[in-house]
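A.B. asks: Below is a structure I'd like to ask you about.
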Amino acid sequence: MGQYHFTPETYLESVVAEIPGYEELQARTAAATATQQAARILDLGVGTGETARRVLDLHPEARLVGIDASPEMVARARELLPDAELYVGRLEDPLPKGPFELVVSALAVHHLHSAGKRDLFRRVREVLVAGGVFVLADVVVPLRAEEAVTPLTPDFDLPDRAADQLRWLEEAGFSAELLWESGDLAVLRATRPRR
């Protein structure tokens, strides 16, 4: 999934062609947010805005804040999401100021090393309200090697097992669950406890 060869104009077509199950991943990501009331939503790795659009369809009154490392992707997302606050920024950078009731990320976090994922999960918890939800949809290391069908670029795509990410979310203070896993794709949902 070497993002370096994607352009905003061809991004959606490229990921649909490269990632078997992309449409189901997106549908399950949006569905995982449906029961969460949200006035403010943070999208980590907003890309062209495809995930955000689907999530906002379920939360039409919510205000969206999004970040992405690619200025070109952010410019494209602004066309699709003119009312959103969109910024160029990396997942390693400080997150936009919360609080948020909902944080989503699709096909972005796998670019971080394991330690970077653990750090991000702690920072996501800090910007969520008590009872807030983080939905993570991404490429993972599958249970069986033959299920790894998404093309990956060494040193750029760095997926981990879903089970490891669930553990890291728990260590960051979330109550986490695996909602869906198919081959090398997964959707995880993590809730910040109300206590």
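Residue numbering restarts at 1 in every chain; chains get A, B, ... in the order shown in the structure tokens, and ligands count up from 1 in that same order.
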Might you pull out every residue within 8 Å of stretch 71-78 of chain A, with only C-alpha atoms counted and same-chain residues fewer than 4 positions away left off, and present them as a list of chain:residue names?
C.D. replies: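 Non-adjacent residues within range: A:Thr7, A:Pro8, A:Val46, A:Gly47, A:Thr48, A:Gly49, A:Ile67, A:Pro82, A:Asp83, A:Ala84, A:Leu86, A:Tyr87, A:Val88.
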A.B. asks: Tell me, which residues of stretch 78-183 of chain A carry DSSP alpha helix (DSSP H), written as a compact mmCIF listing (two decimals) with N, CA and C atoms, in the first residue's frame?
C.D. replies:
```txt
# COMPACT_ATOMS: atom_id res chain seq x y z
N ARG A 78 -10.75 18.74 1.41
CA ARG A 78 -11.46 20.03 1.60
C ARG A 78 -12.57 20.20 0.55
N GLU A 79 -12.35 19.65 -0.65
CA GLU A 79 -13.38 19.73 -1.68
C GLU A 79 -14.60 18.90 -1.29
N LEU A 80 -14.35 17.73 -0.71
CA LEU A 80 -15.44 16.82 -0.31
C LEU A 80 -16.09 17.26 1.00
N SER A 114 5.49 -0.16 15.99
CA SER A 114 4.72 -0.60 17.17
C SER A 114 4.75 0.44 18.29
N ALA A 115 5.92 0.99 18.59
CA ALA A 115 6.03 1.99 19.65
C ALA A 115 5.24 3.25 19.31
N GLY A 116 5.23 3.62 18.03
CA GLY A 116 4.45 4.77 17.60
C GLY A 116 2.96 4.54 17.74
N LYS A 117 2.52 3.33 17.48
CA LYS A 117 1.10 3.00 17.67
C LYS A 117 0.74 3.13 19.15
N ARG A 118 1.56 2.58 20.02
CA ARG A 118 1.28 2.65 21.46
C ARG A 118 1.21 4.10 21.93
N ASP A 119 2.14 4.93 21.44
CA ASP A 119 2.14 6.35 21.80
C ASP A 119 0.88 7.04 21.28
N LEU A 120 0.52 6.76 20.04
CA LEU A 120 -0.69 7.36 19.47
C LEU A 120 -1.92 6.97 20.28
N PHE A 121 -2.03 5.72 20.66
CA PHE A 121 -3.21 5.27 21.41
C PHE A 121 -3.33 6.04 22.72
N ARG A 122 -2.22 6.30 23.40
CA ARG A 122 -2.26 7.09 24.65
C ARG A 122 -2.73 8.52 24.37
N ARG A 123 -2.23 9.09 23.28
CA ARG A 123 -2.61 10.47 22.95
C ARG A 123 -4.06 10.56 22.50
N VAL A 124 -4.56 9.55 21.81
CA VAL A 124 -5.97 9.53 21.42
C VAL A 124 -6.84 9.50 22.67
N ARG A 125 -6.48 8.68 23.63
CA ARG A 125 -7.27 8.62 24.87
C ARG A 125 -7.34 9.99 25.54
N GLU A 126 -6.26 10.74 25.49
CA GLU A 126 -6.22 12.05 26.15
C GLU A 126 -7.17 13.06 25.51
N VAL A 127 -7.43 12.95 24.19
CA VAL A 127 -8.31 13.92 23.54
C VAL A 127 -9.77 13.48 23.52
N ALA A 162 -3.79 -7.72 15.13
CA ALA A 162 -4.93 -7.08 15.80
C ALA A 162 -4.87 -7.33 17.29
N ALA A 163 -4.49 -8.54 17.69
CA ALA A 163 -4.42 -8.88 19.12
C ALA A 163 -3.42 -7.98 19.85
N ASP A 164 -2.30 -7.67 19.22
CA ASP A 164 -1.32 -6.78 19.85
C ASP A 164 -1.90 -5.38 20.01
N GLN A 165 -2.59 -4.91 18.99
CA GLN A 165 -3.15 -3.56 19.07
C GLN A 165 -4.26 -3.49 20.12
N LEU A 166 -5.04 -4.55 20.25
CA LEU A 166 -6.04 -4.58 21.32
C LEU A 166 -5.36 -4.46 22.68
N ARG A 167 -4.27 -5.19 22.86
CA ARG A 167 -3.55 -5.13 24.13
C ARG A 167 -2.99 -3.73 24.38
N TRP A 168 -2.43 -3.11 23.35
CA TRP A 168 -1.88 -1.76 23.51
C TRP A 168 -2.98 -0.74 23.81
N LEU A 169 -4.14 -0.91 23.22
CA LEU A 169 -5.27 -0.03 23.53
C LEU A 169 -5.68 -0.19 24.99
N GLU A 170 -5.74 -1.43 25.45
CA GLU A 170 -6.07 -1.68 26.87
C GLU A 170 -5.01 -1.04 27.78
N GLU A 171 -3.74 -1.19 27.42
CA GLU A 171 -2.66 -0.59 28.21
C GLU A 171 -2.75 0.93 28.24
```
A.B. asks: According to DSSP computed on the backbone, where in stretch 29-102 of chain A is there strand (DSSP E or B)? Give the residues as a ChimeraX atom specification.
C.D. replies: /A:40-44,63-68,85-88,100-102
A.B. asks: How about saving the chosen residues, all heavy atoms kept, as a short mmCIF file (atom, residue, chain, number, x, y, z; two decimals), in the first residue's frame?
C.D. replies:
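So part37.cif came out as:
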```cif
data_model
loop_
_atom_site.label_atom_id
_atom_site.label_comp_id
_atom_site.auth_asym_id
_atom_site.auth_seq_id
_atom_site.Cartn_x
_atom_site.Cartn_y
_atom_site.Cartn_z
N ARG A 40 -18.13 16.37 18.11
CA ARG A 40 -16.85 16.59 17.42
C ARG A 40 -16.21 15.24 17.13
O ARG A 40 -16.13 14.38 18.01
CB ARG A 40 -15.90 17.44 18.27
CG ARG A 40 -16.33 18.89 18.40
CD ARG A 40 -15.28 19.71 19.14
NE ARG A 40 -14.18 20.07 18.24
CZ ARG A 40 -12.91 20.12 18.62
NH1 ARG A 40 -12.55 19.80 19.84
NH2 ARG A 40 -11.98 20.48 17.76
N ILE A 41 -15.73 15.11 15.90
CA ILE A 41 -15.09 13.87 15.44
C ILE A 41 -13.70 14.22 14.93
O ILE A 41 -13.53 15.20 14.19
CB ILE A 41 -15.91 13.22 14.30
CG1 ILE A 41 -17.31 12.87 14.78
CG2 ILE A 41 -15.19 11.99 13.75
CD1 ILE A 41 -18.27 12.45 13.67
N LEU A 42 -12.72 13.40 15.29
CA LEU A 42 -11.36 13.55 14.78
C LEU A 42 -11.06 12.39 13.85
O LEU A 42 -11.23 11.23 14.23
CB LEU A 42 -10.36 13.57 15.95
CG LEU A 42 -8.88 13.57 15.59
CD1 LEU A 42 -8.51 14.82 14.77
CD2 LEU A 42 -8.03 13.49 16.86
N ASP A 43 -10.61 12.69 12.64
CA ASP A 43 -10.21 11.67 11.66
C ASP A 43 -8.69 11.73 11.51
O ASP A 43 -8.15 12.74 11.05
CB ASP A 43 -10.91 11.92 10.32
CG ASP A 43 -10.68 10.79 9.32
OD1 ASP A 43 -9.74 9.99 9.49
OD2 ASP A 43 -11.45 10.72 8.35
N LEU A 44 -8.04 10.66 11.89
CA LEU A 44 -6.58 10.57 11.81
C LEU A 44 -6.20 9.92 10.48
O LEU A 44 -6.49 8.75 10.25
CB LEU A 44 -6.04 9.73 12.97
CG LEU A 44 -6.37 10.25 14.37
CD1 LEU A 44 -5.90 9.26 15.42
CD2 LEU A 44 -5.75 11.62 14.58
N ARG A 63 -19.17 18.07 14.04
CA ARG A 63 -18.09 18.88 13.48
C ARG A 63 -16.88 17.98 13.28
O ARG A 63 -16.48 17.28 14.21
CB ARG A 63 -17.77 20.00 14.47
CG ARG A 63 -16.92 21.05 13.94
CD ARG A 63 -17.76 22.11 13.21
NE ARG A 63 -16.81 23.09 12.72
CZ ARG A 63 -16.80 23.55 11.51
NH1 ARG A 63 -17.72 23.18 10.67
NH2 ARG A 63 -15.89 24.39 11.12
N LEU A 64 -16.29 17.97 12.09
CA LEU A 64 -15.17 17.09 11.79
C LEU A 64 -13.86 17.88 11.81
O LEU A 64 -13.76 18.96 11.22
CB LEU A 64 -15.32 16.43 10.42
CG LEU A 64 -14.16 15.49 10.10
CD1 LEU A 64 -14.41 14.11 10.67
CD2 LEU A 64 -13.88 15.43 8.62
N VAL A 65 -12.87 17.30 12.47
CA VAL A 65 -11.49 17.78 12.43
C VAL A 65 -10.68 16.63 11.85
O VAL A 65 -10.85 15.48 12.27
CB VAL A 65 -10.98 18.14 13.84
CG1 VAL A 65 -9.51 18.58 13.79
CG2 VAL A 65 -11.85 19.23 14.46
N GLY A 66 -9.81 16.90 10.88
CA GLY A 66 -9.03 15.84 10.28
C GLY A 66 -7.59 16.26 10.06
O GLY A 66 -7.30 17.44 9.85
N ILE A 67 -6.69 15.27 10.13
CA ILE A 67 -5.29 15.52 9.80
C ILE A 67 -4.82 14.48 8.79
O ILE A 67 -5.32 13.36 8.75
CB ILE A 67 -4.37 15.50 11.05
CG1 ILE A 67 -4.37 14.11 11.71
CG2 ILE A 67 -4.74 16.59 12.03
CD1 ILE A 67 -3.28 13.93 12.75
N ASP A 68 -3.85 14.88 7.99
CA ASP A 68 -3.20 13.96 7.06
C ASP A 68 -1.83 14.53 6.74
O ASP A 68 -1.65 15.76 6.69
CB ASP A 68 -4.02 13.80 5.78
CG ASP A 68 -3.60 12.56 5.01
OD1 ASP A 68 -2.58 12.60 4.29
OD2 ASP A 68 -4.30 11.52 5.15
N GLU A 85 -12.62 21.09 9.59
CA GLU A 85 -11.33 21.70 9.91
C GLU A 85 -10.27 20.65 9.56
O GLU A 85 -10.18 19.63 10.23
CB GLU A 85 -11.22 22.00 11.40
CG GLU A 85 -12.15 23.03 11.93
CD GLU A 85 -12.02 23.14 13.45
OE1 GLU A 85 -10.88 23.21 13.95
OE2 GLU A 85 -13.06 23.14 14.12
N LEU A 86 -9.51 20.90 8.51
CA LEU A 86 -8.53 19.92 8.04
C LEU A 86 -7.14 20.52 8.08
O LEU A 86 -6.93 21.67 7.67
CB LEU A 86 -8.87 19.47 6.62
CG LEU A 86 -10.26 18.86 6.44
CD1 LEU A 86 -10.52 18.54 4.97
CD2 LEU A 86 -10.43 17.63 7.30
N TYR A 87 -6.20 19.72 8.58
CA TYR A 87 -4.83 20.18 8.77
C TYR A 87 -3.84 19.18 8.19
O TYR A 87 -4.08 17.98 8.20
CB TYR A 87 -4.52 20.33 10.26
CG TYR A 87 -5.48 21.23 10.99
CD1 TYR A 87 -6.55 20.70 11.71
CD2 TYR A 87 -5.33 22.62 10.95
CE1 TYR A 87 -7.44 21.52 12.38
CE2 TYR A 87 -6.21 23.45 11.61
CZ TYR A 87 -7.27 22.90 12.33
OH TYR A 87 -8.15 23.72 12.98
N VAL A 88 -2.73 19.70 7.72
CA VAL A 88 -1.61 18.86 7.34
C VAL A 88 -0.84 18.55 8.62
O VAL A 88 -0.45 19.46 9.36
CB VAL A 88 -0.70 19.56 6.31
CG1 VAL A 88 0.53 18.70 6.00
CG2 VAL A 88 -1.48 19.87 5.04
N PHE A 100 -12.99 15.34 21.95
CA PHE A 100 -13.77 14.70 20.89
C PHE A 100 -14.57 13.56 21.52
O PHE A 100 -14.11 12.91 22.45
CB PHE A 100 -12.84 14.12 19.81
CG PHE A 100 -12.02 15.15 19.11
CD1 PHE A 100 -10.72 15.42 19.51
CD2 PHE A 100 -12.54 15.88 18.05
CE1 PHE A 100 -9.95 16.37 18.89
CE2 PHE A 100 -11.78 16.85 17.41
CZ PHE A 100 -10.48 17.10 17.83
N GLU A 101 -15.74 13.32 20.97
CA GLU A 101 -16.53 12.16 21.39
C GLU A 101 -16.17 10.93 20.57
O GLU A 101 -16.41 9.81 20.99
CB GLU A 101 -18.03 12.44 21.25
CG GLU A 101 -18.56 13.48 22.20
CD GLU A 101 -18.27 14.91 21.75
OE1 GLU A 101 -18.03 15.14 20.55
OE2 GLU A 101 -18.26 15.80 22.62
N LEU A 102 -15.60 11.17 19.39
CA LEU A 102 -15.30 10.08 18.47
C LEU A 102 -14.01 10.38 17.72
O LEU A 102 -13.81 11.50 17.24
CB LEU A 102 -16.47 9.94 17.47
CG LEU A 102 -16.38 8.87 16.40
CD1 LEU A 102 -16.29 7.47 17.01
CD2 LEU A 102 -17.62 8.96 15.49
#
```
A.B. asks: Write out as a list in words the residues lying within 9 Å of A:Val140, counting only C-alpha atoms and excluding same-chain residues fewer than 5 positions away.
C.D. replies: His110, Ala148, Leu158, Pro159, Asp160, Arg161, Ala162, Glu181, Gly183, Asp184, Leu185 and Ala186 of chain A
A.B. asks: Work out how far apart atom CA of A:Ser105 and atom CA of A:Glu147 are and give it in Å to one decimal.
C.D. replies: 22.2 Å
